[in-house]
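*Asks:* Data: work.pdb, PDB, C-alpha atoms.
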ATOM      1  CA  MET A 269     -50.142  -6.080  43.244  1.00  0.00           C
ATOM      2  CA  ARG A 270     -50.886  -7.616  39.892  1.00  0.00           C
ATOM      3  CA  ASN A 271     -51.138  -4.261  38.096  1.00  0.00           C
ATOM      4  CA  ASN A 272     -47.785  -3.147  39.464  1.00  0.00           C
ATOM      5  CA  PHE A 273     -46.197  -6.406  38.206  1.00  0.00           C
ATOM      6  CA  ASP A 274     -47.618  -5.880  34.721  1.00  0.00           C
ATOM      7  CA  LEU A 275     -46.416  -2.286  34.466  1.00  0.00           C
ATOM      8  CA  GLY A 276     -42.930  -3.176  35.574  1.00  0.00           C
ATOM      9  CA  ALA A 277     -42.637  -6.194  33.222  1.00  0.00           C
ATOM     10  CA  LYS A 278     -40.247  -5.953  30.264  1.00  0.00           C
ATOM     11  CA  ASN A 279     -41.626  -5.967  26.728  1.00  0.00           C
ATOM     12  CA  GLN A 280     -39.826  -8.979  25.235  1.00  0.00           C
ATOM     13  CA  LEU A 281     -41.364  -8.572  21.788  1.00  0.00           C
ATOM     14  CA  ASN A 282     -39.957  -5.110  21.233  1.00  0.00           C
ATOM     15  CA  GLU A 283     -36.616  -6.210  22.617  1.00  0.00           C
ATOM     16  CA  ASN A 284     -36.407  -9.123  20.176  1.00  0.00           C
ATOM     17  CA  VAL A 285     -37.279  -6.897  17.224  1.00  0.00           C
ATOM     18  CA  ARG A 286     -34.623  -4.426  18.224  1.00  0.00           C
ATOM     19  CA  ARG A 287     -31.981  -7.109  18.500  1.00  0.00           C
ATOM     20  CA  MET A 288     -32.896  -8.580  15.114  1.00  0.00           C
ATOM     21  CA  ARG A 289     -32.565  -5.191  13.432  1.00  0.00           C
ATOM     22  CA  GLU A 290     -29.227  -4.625  15.072  1.00  0.00           C
ATOM     23  CA  ILE A 291     -27.974  -7.979  13.820  1.00  0.00           C
ATOM     24  CA  GLN A 292     -29.175  -7.184  10.297  1.00  0.00           C
ATOM     25  CA  ARG A 293     -27.372  -3.852  10.388  1.00  0.00           C
ATOM     26  CA  ARG A 294     -24.127  -5.506  11.396  1.00  0.00           C
ATOM     27  CA  CYS A 295     -24.433  -8.055   8.612  1.00  0.00           C
ATOM     28  CA  LYS A 296     -24.965  -5.304   6.041  1.00  0.00           C
ATOM     29  CA  GLN A 297     -21.911  -3.475   7.289  1.00  0.00           C
ATOM     30  CA  LYS A 298     -19.804  -6.626   6.936  1.00  0.00           C
ATOM     31  CA  GLU A 299     -21.041  -7.207   3.383  1.00  0.00           C
ATOM     32  CA  GLU A 300     -20.240  -3.618   2.431  1.00  0.00           C
ATOM     33  CA  GLN A 301     -16.758  -4.004   3.826  1.00  0.00           C
ATOM     34  CA  LYS A 302     -16.252  -7.121   1.724  1.00  0.00           C
ATOM     35  CA  LYS A 303     -17.283  -5.280  -1.451  1.00  0.00           C
ATOM     36  CA  GLU A 304     -14.511  -2.740  -1.001  1.00  0.00           C
ATOM     37  CA  PRO A 305     -11.579  -3.225  -3.433  1.00  0.00           C
ATOM     38  CA  VAL A 306      -8.629  -5.173  -2.048  1.00  0.00           C
ATOM     39  CA  LYS A 307      -5.626  -3.099  -1.348  1.00  0.00           C
ATOM     40  CA  ILE A 308      -2.692  -3.809  -3.644  1.00  0.00           C
ATOM     41  CA  LEU A 309       0.141  -5.380  -1.767  1.00  0.00           C
ATOM     42  CA  TRP A 310       3.385  -3.556  -1.672  1.00  0.00           C
ATOM     43  CA  LYS A 311       5.912  -4.802  -4.208  1.00  0.00           C
ATOM     44  CA  SER A 312       9.443  -3.657  -4.638  1.00  0.00           C
ATOM     45  CA  GLU A 313      10.316  -1.955  -7.924  1.00  0.00           C
ATOM     46  CA  LYS A 314      13.347  -4.201  -8.155  1.00  0.00           C
ATOM     47  CA  TYR A 315      11.114  -7.229  -8.866  1.00  0.00           C
ATOM     48  CA  SER A 316       8.468  -5.436 -10.931  1.00  0.00           C
ATOM     49  CA  ASN A 317       9.505  -7.204 -14.181  1.00  0.00           C
ATOM     50  CA  VAL A 318       9.856 -10.664 -12.618  1.00  0.00           C
ATOM     51  CA  GLU A 319       7.019 -13.041 -13.380  1.00  0.00           C
ATOM     52  CA  SER A 320       5.483 -15.205 -10.743  1.00  0.00           C
ATOM     53  CA  LYS A 321       6.608 -18.819 -10.577  1.00  0.00           C
ATOM     54  CA  ILE A 322       3.060 -19.942  -9.956  1.00  0.00           C
ATOM     55  CA  LYS A 323       2.018 -18.295 -13.216  1.00  0.00           C
ATOM     56  CA  GLN A 324       4.828 -20.085 -15.045  1.00  0.00           C
ATOM     57  CA  ASP A 325       3.728 -23.439 -13.633  1.00  0.00           C
ATOM     58  CA  VAL A 326       0.139 -22.805 -14.662  1.00  0.00           C
ATOM     59  CA  GLN A 327       1.076 -21.780 -18.207  1.00  0.00           C
ATOM     60  CA  LYS A 328       3.507 -24.698 -18.630  1.00  0.00           C
ATOM     61  CA  PRO A 329       2.183 -27.236 -21.199  1.00  0.00           C
ATOM     62  CA  GLN A 330       1.028 -30.505 -19.765  1.00  0.00           C
ATOM     63  CA  THR A 331       3.279 -33.514 -20.277  1.00  0.00           C
ATOM     64  CA  PRO A 332       1.813 -36.284 -22.439  1.00  0.00           C
ATOM     65  CA  ARG A 333       0.485 -39.296 -20.637  1.00  0.00           C
ATOM     66  CA  PRO A 334       2.700 -42.373 -20.694  1.00  0.00           C
ATOM     67  CA  SER A 335       1.870 -45.277 -22.941  1.00  0.00           C
ATOM     68  CA  SER A 336       1.029 -47.385 -19.918  1.00  0.00           C
ATOM     69  CA  ALA A 337      -1.982 -45.152 -19.251  1.00  0.00           C
ATOM     70  CA  THR A 338      -3.696 -46.566 -22.364  1.00  0.00           C
ATOM     71  CA  PHE A 339      -3.346 -50.166 -21.232  1.00  0.00           C
ATOM     72  CA  LEU A 340      -6.420 -52.155 -20.407  1.00  0.00           C
ATOM     73  CA  ARG A 341      -7.291 -52.473 -16.809  1.00  0.00           C
ATOM     74  CA  ALA A 342      -7.594 -55.823 -15.138  1.00  0.00           C
ATOM     75  CA  HIS A 343     -10.793 -57.710 -15.998  1.00  0.00           C
ATOM     76  CA  SER A 344     -11.897 -54.904 -18.359  1.00  0.00           C
ATOM     77  CA  ARG A 345     -12.874 -57.426 -21.046  1.00  0.00           C
ATOM     78  CA  ALA A 346     -13.897 -60.253 -18.794  1.00  0.00           C
ATOM     79  CA  GLY A 347     -17.570 -59.422 -19.202  1.00  0.00           C
ATOM     80  CA  PRO A 348     -20.207 -59.258 -16.536  1.00  0.00           C
ATOM     81  CA  PRO A 349     -19.674 -61.325 -13.409  1.00  0.00           C
ATOM     82  CA  VAL A 350     -20.969 -64.872 -13.647  1.00  0.00           C
ATOM     83  CA  LYS A 351     -23.524 -65.839 -11.091  1.00  0.00           C
ATOM     84  CA  LEU A 352     -23.149 -69.350  -9.771  1.00  0.00           C
ATOM     85  CA  GLU A 353     -26.225 -71.442  -9.534  1.00  0.00           C
ATOM     86  CA  SER A 354     -27.347 -72.141  -6.046  1.00  0.00           C
ATOM     87  CA  ARG A 355     -27.077 -75.760  -5.026  1.00  0.00           C
ATOM     88  CA  PRO A 356     -28.895 -77.501  -2.239  1.00  0.00           C
ATOM     89  CA  CYS A 357     -26.873 -77.941   0.900  1.00  0.00           C
ATOM     90  CA  THR A 358     -28.037 -81.494   1.526  1.00  0.00           C
ATOM     91  CA  PRO A 359     -28.253 -83.933  -1.406  1.00  0.00           C
ATOM     92  CA  ASP A 360     -31.227 -86.119  -1.948  1.00  0.00           C
ATOM     93  CA  ILE A 361     -30.246 -89.384  -0.294  1.00  0.00           C
ATOM     94  CA  SER A 362     -33.287 -91.281  -1.496  1.00  0.00           C
ATOM     95  CA  GLU A 363     -31.982 -91.373  -5.092  1.00  0.00           C
ATOM     96  CA  LYS A 364     -28.529 -92.747  -4.182  1.00  0.00           C
ATOM     97  CA  THR A 365     -29.459 -95.493  -1.764  1.00  0.00           C
ATOM     98  CA  SER A 366     -28.801 -98.983  -3.133  1.00  0.00           C
ATOM     99  CA  VAL A 367     -30.094-100.958  -0.143  1.00  0.00           C
ATOM    100  CA  PRO A 368     -33.453-102.537  -0.926  1.00  0.00           C
ATOM    101  CA  PRO A 369     -36.272-101.842   1.452  1.00  0.00           C
ATOM    102  CA  ALA A 370     -37.041-104.260   4.265  1.00  0.00           C
ATOM    103  CA  SER A 371     -40.349-105.244   2.675  1.00  0.00           C
ATOM    104  CA  SER A 372     -38.532-107.090  -0.144  1.00  0.00           C
ATOM    105  CA  ALA A 373     -36.393-109.217   2.222  1.00  0.00           C
ATOM    106  CA  GLY A 374     -38.719-112.196   1.864  1.00  0.00           C
ATOM    107  CA  ASP A 375     -38.004-112.478  -1.870  1.00  0.00           C
ATOM    108  CA  VAL A 376     -34.223-112.925  -1.430  1.00  0.00           C
ATOM    109  CA  LYS A 377     -32.937-116.395  -2.402  1.00  0.00           C
ATOM    110  CA  LEU A 378     -29.549-117.700  -1.282  1.00  0.00           C
ATOM    111  CA  VAL A 379     -27.403-119.227  -4.057  1.00  0.00           C
ATOM    112  CA  ARG A 380     -25.287-122.172  -2.890  1.00  0.00           C
ATOM    113  CA  ASN A 381     -22.539-123.813  -4.975  1.00  0.00           C
ATOM    114  CA  ASN A 382     -21.812-127.509  -4.713  1.00  0.00           C
ATOM    115  CA  PHE A 383     -18.303-127.027  -3.270  1.00  0.00           C
ATOM    116  CA  ASP A 384     -16.767-129.724  -1.070  1.00  0.00           C
ATOM    117  CA  PHE A 385     -14.458-127.857   1.294  1.00  0.00           C
ATOM    118  CA  ILE A 386     -13.476-131.031   3.189  1.00  0.00           C
ATOM    119  CA  LYS A 387     -12.135-132.680   0.047  1.00  0.00           C
ATOM    120  CA  VAL A 388     -10.201-129.574  -0.981  1.00  0.00           C
ATOM    121  CA  ASN A 389      -8.615-129.260   2.457  1.00  0.00           C
ATOM    122  CA  GLY A 390      -7.548-132.907   2.346  1.00  0.00           C
ATOM    123  CA  ILE A 391      -5.852-132.472  -1.047  1.00  0.00           C
ATOM    124  CA  ASN A 392      -3.993-129.388   0.153  1.00  0.00           C
ATOM    125  CA  ALA A 393      -2.853-131.213   3.283  1.00  0.00           C
ATOM    126  CA  ARG A 394      -1.388-134.095   1.219  1.00  0.00           C
ATOM    127  CA  ARG A 395       0.409-131.739  -1.170  1.00  0.00           C
ATOM    128  CA  HIS A 396       1.952-129.670   1.594  1.00  0.00           C
ATOM    129  CA  ALA A 397       5.439-130.951   2.420  1.00  0.00           C
ATOM    130  CA  VAL A 398       6.246-131.101   6.079  1.00  0.00           C
ATOM    131  CA  GLN A 399       9.467-129.277   6.892  1.00  0.00           C
ATOM    132  CA  ARG A 400      11.595-131.479   9.064  1.00  0.00           C
ATOM    133  CA  PRO A 401      14.728-130.384  10.908  1.00  0.00           C
ATOM    134  CA  PRO A 402      18.020-131.382   9.225  1.00  0.00           C
ATOM    135  CA  SER A 403      19.563-134.602  10.401  1.00  0.00           C
ATOM    136  CA  ALA A 404      22.958-134.856  12.039  1.00  0.00           C
ATOM    137  CA  THR A 405      24.450-136.452   8.888  1.00  0.00           C
ATOM    138  CA  SER A 406      23.390-133.591   6.618  1.00  0.00           C
ATOM    139  CA  VAL A 407      24.754-131.066   9.095  1.00  0.00           C
ATOM    140  CA  ASP A 408      28.100-132.870   9.152  1.00  0.00           C
ATOM    141  CA  ASP A 409      28.229-132.966   5.344  1.00  0.00           C
ATOM    142  CA  TYR A 410      27.548-129.236   5.122  1.00  0.00           C
ATOM    143  CA  ARG A 411      30.294-128.434   7.611  1.00  0.00           C
ATOM    144  CA  ARG A 412      32.743-130.713   5.791  1.00  0.00           C
ATOM    145  CA  ARG A 413      32.090-128.955   2.461  1.00  0.00           C
ATOM    146  CA  GLN A 414      32.595-125.559   4.071  1.00  0.00           C
ATOM    147  CA  ASP A 415      35.899-126.676   5.583  1.00  0.00           C
ATOM    148  CA  GLU A 416      37.118-127.949   2.204  1.00  0.00           C
ATOM    149  CA  LEU A 417      36.287-124.650   0.543  1.00  0.00           C
ATOM    150  CA  LEU A 418      38.144-122.732   3.230  1.00  0.00           C
ATOM    151  CA  SER A 419      41.156-125.038   3.047  1.00  0.00           C
ATOM    152  CA  HIS A 420      41.503-124.588  -0.743  1.00  0.00           C
ATOM    153  CA  HIS A 421      41.077-120.838  -0.549  1.00  0.00           C
ATOM    154  CA  GLN A 422      44.343-118.884  -0.691  1.00  0.00           C
ATOM    155  CA  PHE A 423      44.167-116.039   1.777  1.00  0.00           C
ATOM    156  CA  GLY A 424      46.100-112.817   1.212  1.00  0.00           C
ATOM    157  CA  GLU A 425      46.336-113.122  -2.594  1.00  0.00           C
ATOM    158  CA  VAL A 426      44.873-110.619  -5.008  1.00  0.00           C
ATOM    159  CA  PRO A 427      42.309-112.185  -7.343  1.00  0.00           C
ATOM    160  CA  ASP A 428      43.076-112.453 -11.044  1.00  0.00           C
ATOM    161  CA  TYR A 429      40.328-110.056 -12.099  1.00  0.00           C
ATOM    162  CA  LEU A 430      41.746-107.364  -9.808  1.00  0.00           C
ATOM    163  CA  ARG A 431      45.264-107.837 -11.204  1.00  0.00           C
ATOM    164  CA  LYS A 432      43.969-107.570 -14.773  1.00  0.00           C
ATOM    165  CA  ARG A 433      41.978-104.489 -13.901  1.00  0.00           C
ATOM    166  CA  ASN A 434      45.004-102.831 -12.281  1.00  0.00           C
ATOM    167  CA  GLN A 435      47.100-103.553 -15.375  1.00  0.00           C
ATOM    168  CA  MET A 436      44.400-102.093 -17.598  1.00  0.00           C
ATOM    169  CA  TRP A 437      44.210 -98.956 -15.438  1.00  0.00           C
ATOM    170  CA  GLN A 438      48.002 -98.615 -15.549  1.00  0.00           C
ATOM    171  CA  ARG A 439      48.046 -98.836 -19.363  1.00  0.00           C
ATOM    172  CA  GLU A 440      45.277 -96.256 -19.616  1.00  0.00           C
ATOM    173  CA  GLU A 441      47.168 -93.899 -17.292  1.00  0.00           C
ATOM    174  CA  GLU A 442      50.372 -94.284 -19.317  1.00  0.00           C
ATOM    175  CA  GLU A 443      48.456 -93.614 -22.522  1.00  0.00           C
ATOM    176  CA  ARG A 444      46.873 -90.523 -20.998  1.00  0.00           C
ATOM    177  CA  ILE A 445      50.236 -89.192 -19.816  1.00  0.00           C
ATOM    178  CA  ARG A 446      51.747 -89.928 -23.227  1.00  0.00           C
ATOM    179  CA  ASN A 447      48.992 -88.041 -25.047  1.00  0.00           C
ATOM    180  CA  THR A 448      48.954 -85.112 -22.635  1.00  0.00           C
ATOM    181  CA  PRO A 449      50.780 -82.139 -24.214  1.00  0.00           C
ATOM    182  CA  ASP A 450      53.878 -81.009 -22.376  1.00  0.00           C
ATOM    183  CA  PRO A 451      53.413 -77.532 -20.821  1.00  0.00           C
ATOM    184  CA  ALA A 452      57.045 -76.732 -21.662  1.00  0.00           C
ATOM    185  CA  MET A 453      56.477 -77.412 -25.369  1.00  0.00           C
ATOM    186  CA  PRO A 454      56.438 -74.205 -27.452  1.00  0.00           C
ATOM    187  CA  PRO A 455      53.581 -73.593 -29.881  1.00  0.00           C
ATOM    188  CA  ASN A 456      53.649 -75.187 -33.348  1.00  0.00           C
ATOM    189  CA  HIS A 457      56.010 -77.902 -32.099  1.00  0.00           C
ATOM    190  CA  ARG A 458      55.746 -81.598 -31.355  1.00  0.00           C
ATOM    191  CA  GLN A 459      57.702 -83.865 -29.066  1.00  0.00           C
ATOM    192  CA  LEU A 460      60.024 -86.252 -30.858  1.00  0.00           C
ATOM    193  CA  PRO A 461      59.423 -89.893 -29.894  1.00  0.00           C
ATOM    194  CA  ASP A 462      62.125 -91.531 -27.849  1.00  0.00           C
ATOM    195  CA  SER A 463      62.911 -94.067 -30.571  1.00  0.00           C
ATOM    196  CA  GLU A 464      63.515 -91.374 -33.202  1.00  0.00           C
ATOM    197  CA  ARG A 465      65.571 -89.332 -30.754  1.00  0.00           C
ATOM    198  CA  THR A 466      67.808 -92.312 -29.949  1.00  0.00           C
ATOM    199  CA  GLU A 467      68.219 -93.202 -33.614  1.00  0.00           C
ATOM    200  CA  THR A 468      69.170 -89.625 -34.519  1.00  0.00           C
ATOM    201  CA  LEU A 469      71.622 -89.498 -31.620  1.00  0.00           C
ATOM    202  CA  ASN A 470      73.343 -92.669 -32.849  1.00  0.00           C
ATOM    203  CA  LEU A 471      73.647 -91.249 -36.355  1.00  0.00           C
ATOM    204  CA  LEU A 472      75.159 -88.048 -35.006  1.00  0.00           C
ATOM    205  CA  THR A 473      77.667 -90.011 -32.939  1.00  0.00           C
ATOM    206  CA  GLN A 474      78.746 -91.996 -36.008  1.00  0.00           C
ATOM    207  CA  LYS A 475      79.036 -88.783 -38.003  1.00  0.00           C
ATOM    208  CA  GLN A 476      81.163 -87.252 -35.242  1.00  0.00           C
ATOM    209  CA  ASN A 477      83.529 -90.220 -35.283  1.00  0.00           C
ATOM    210  CA  ASP A 478      83.846 -89.981 -39.083  1.00  0.00           C
ATOM    211  CA  VAL A 479      84.676 -86.265 -38.966  1.00  0.00           C
ATOM    212  CA  ILE A 480      87.238 -86.798 -36.208  1.00  0.00           C
ATOM    213  CA  GLY A 481      88.834 -89.572 -38.286  1.00  0.00           C
ATOM    214  CA  GLN A 482      89.033 -87.281 -41.324  1.00  0.00           C
ATOM    215  CA  ILE A 483      90.688 -84.555 -39.243  1.00  0.00           C
ATOM    216  CA  GLN A 484      93.235 -87.018 -37.914  1.00  0.00           C
ATOM    217  CA  LYS A 485      94.089 -88.187 -41.452  1.00  0.00           C
ATOM    218  CA  LEU A 486      95.043 -84.687 -42.607  1.00  0.00           C
ATOM    219  CA  PRO A 487      98.796 -84.212 -43.176  1.00  0.00           C
ATOM    220  CA  ILE A 488     100.455 -82.341 -40.368  1.00  0.00           C
ATOM    221  CA  GLY A 489     103.445 -81.003 -42.290  1.00  0.00           C
ATOM    222  CA  ALA A 490     101.451 -79.742 -45.275  1.00  0.00           C
ATOM    223  CA  ASP A 491     100.167 -76.223 -44.688  1.00  0.00           C
ATOM    224  CA  THR A 492      98.713 -75.319 -48.014  1.00  0.00           C
ATOM    225  CA  MET A 493      95.602 -73.212 -48.579  1.00  0.00           C
ATOM    226  CA  ARG A 494      93.549 -76.212 -49.615  1.00  0.00           C
ATOM    227  CA  VAL A 495      94.477 -78.185 -46.498  1.00  0.00           C
ATOM    228  CA  ARG A 496      93.681 -75.243 -44.227  1.00  0.00           C
ATOM    229  CA  GLN A 497      90.246 -74.730 -45.830  1.00  0.00           C
ATOM    230  CA  HIS A 498      89.437 -78.428 -45.578  1.00  0.00           C
ATOM    231  CA  ARG A 499      90.515 -78.477 -41.913  1.00  0.00           C
ATOM    232  CA  GLN A 500      88.347 -75.423 -41.137  1.00  0.00           C
ATOM    233  CA  SER A 501      85.281 -76.955 -42.814  1.00  0.00           C
ATOM    234  CA  LEU A 502      85.759 -80.213 -40.887  1.00  0.00           C
ATOM    235  CA  GLU A 503      86.169 -78.371 -37.573  1.00  0.00           C
ATOM    236  CA  LYS A 504      83.038 -76.297 -38.283  1.00  0.00           C
ATOM    237  CA  GLN A 505      81.118 -79.462 -39.129  1.00  0.00           C
ATOM    238  CA  LEU A 506      82.387 -81.073 -35.912  1.00  0.00           C
ATOM    239  CA  VAL A 507      81.135 -78.126 -33.821  1.00  0.00           C
ATOM    240  CA  GLU A 508      77.678 -78.371 -35.397  1.00  0.00           C
ATOM    241  CA  ILE A 509      77.547 -82.110 -34.727  1.00  0.00           C
ATOM    242  CA  GLU A 510      78.518 -81.599 -31.076  1.00  0.00           C
ATOM    243  CA  GLU A 511      75.745 -79.010 -30.639  1.00  0.00           C
ATOM    244  CA  ALA A 512      73.231 -81.399 -32.199  1.00  0.00           C
ATOM    245  CA  ILE A 513      74.410 -84.210 -29.910  1.00  0.00           C
ATOM    246  CA  LYS A 514      73.823 -81.960 -26.880  1.00  0.00           C
ATOM    247  CA  ILE A 515      70.279 -81.233 -28.067  1.00  0.00           C
ATOM    248  CA  PHE A 516      69.345 -84.853 -28.808  1.00  0.00           C
ATOM    249  CA  SER A 517      70.898 -86.050 -25.551  1.00  0.00           C
ATOM    250  CA  ARG A 518      68.103 -84.325 -23.632  1.00  0.00           C
ATOM    251  CA  PRO A 519      65.171 -86.486 -22.418  1.00  0.00           C
ATOM    252  CA  LYS A 520      62.676 -84.315 -24.351  1.00  0.00           C
ATOM    253  CA  VAL A 521      63.263 -82.956 -27.836  1.00  0.00           C
ATOM    254  CA  PHE A 522      60.710 -80.688 -29.540  1.00  0.00           C
ATOM    255  CA  VAL A 523      60.582 -80.439 -33.323  1.00  0.00           C
ATOM    256  CA  ARG A 524      58.841 -77.657 -35.227  1.00  0.00           C
ATOM    257  CA  VAL A 525      55.771 -78.761 -37.167  1.00  0.00           C
ATOM    258  CA  GLU A 526      55.792 -77.677 -40.796  1.00  0.00           C
ATOM    259  CA  THR A 527      52.480 -76.121 -41.802  1.00  0.00           C
TER     260      THR A 527
END
Could you write out this file's structure as structure tokens?
*Replies:*
Amino acid sequence: MRNNFDLGAKNQLNENVRRMREIQRRCKQKEEQKKEPVKILWKSEKYSNVESKIKQDVQKPQTPRPSSATFLRAHSRAGPPVKLESRPCTPDISEKTSVPPASSAGDVKLVRNNFDFIKVNGINARRHAVQRPPSATSVDDYRRRQDELLSHHQFGEVPDYLRKRNQMWQREEEERIRNTPDPAMPPNHRQLPDSERTETLNLLTQKQNDVIGQIQKLPIGADTMRVRQHRQSLEKQLVEIEEAIKIFSRPKVFVRVET
């Protein structure tokens, strides 16, 4: 039985050698296939003279680096890192204690000052004034004084200082309004004061009356050239005076400032 089993058994050694050689042969075939020249891809004749964009990008000159690339980096000149010295976690308490040891308690001497607290308390008690409640007479006097003050006080009247302050504020407001330029005033002009305007208006009125009197004194029957010219000049002067009176009769008169 044993001999039959040995004869029918498979030779594993020869089988392994055969498989190894077969694997080697396949590897050689693959390497030979790789060594074969690569087939040229088909390319249309229409684009035979067109260069590849990848080639253009590769041959393109590199752009210069920005100026910020030459800046120093953070902590580049700070030097090597500083190592902190290690410190003990718990301080030495024995060096900081100020309490003397218990063995030296027998050497302590109490210092007593000759201070009489009873005498000092007696002096303070005599100096302290006892606050007594006010008497009925003092209360009546206080109420009487308050009633007199209230009886002399004039209710409902404005105090003098408030009246003076209101008058001062009113004068300041009038001065501000007087100095404020009129928005209707044309440039390079000034407003004529009311006193000058009234004085000029009176002069114009007198001049108007004089011209009217001269016109009335002219002879009616005489119709010479000289009389006609004089009458025309007086009438023209009267028209100008009337126009000036209209202007100066306004509440605001603006006069041109000569520069």
*Asks:* Would you compute, for all listed atoms of stretch 488-494 of chain A, the axis-aligned bounding box grown by 4 Å on each side, and then report its centre and edge lengths in Å rounded to one decimal, as AutoDock Vina command-line options?
*Replies:*
--center_x 98.5 --center_y -77.8 --center_z -45.0 --size_x 17.9 --size_y 17.1 --size_z 17.2
*Asks:* Find, counting all atoms listed in the file, the residue in A:Phe522, A:Phe383, A:Tyr410, A:Trp310 that gets nearest to A:Met453.
*Replies:* A:Phe522
*Asks:* Can you work out the spacing between atom CA of A:Thr466 and atom CA of A:Val507 in Å, to one decimal?
*Replies:*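 These two atoms are separated by 19.8 Å.
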*Asks:* State, in Å with one decimal place, the distance from atom CA of A:Arg496 to atom CA of A:Ile480.
*Replies:*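 Separation of atom CA of A:Arg496 and atom CA of A:Ile480: 15.5 Å.
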*Asks:* Grab the atom CA of A:Gln482 to atom CA of A:Arg499 distance for me, in Å with one decimal place.
*Replies:* 8.9 Å
*Asks:* Need to verify the contact set: A:Ile483, 9 Å, only C-alpha atoms, exclusion of same-chain residues closer than 6 positions in sequence. Can you return it as a count of residues only?
*Replies:* 4
*Asks:* Considering only C-alpha atoms, can you say which of A:Asp415, A:Val479, A:Glu467, A:Gln297 comes closest to A:Ser501?
*Replies:*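 When distances to A:Ser501 are compared using only C-alpha atoms, the smallest one comes from A:Val479.
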*Asks:* Expand the PyMOL selection byres ((chain A and resi 513) around 12) into the explicit residue set it covers here, and present it as an MDAnalysis selection string.
*Replies:* chainID A and resid 465:476 506:512 514:518 521
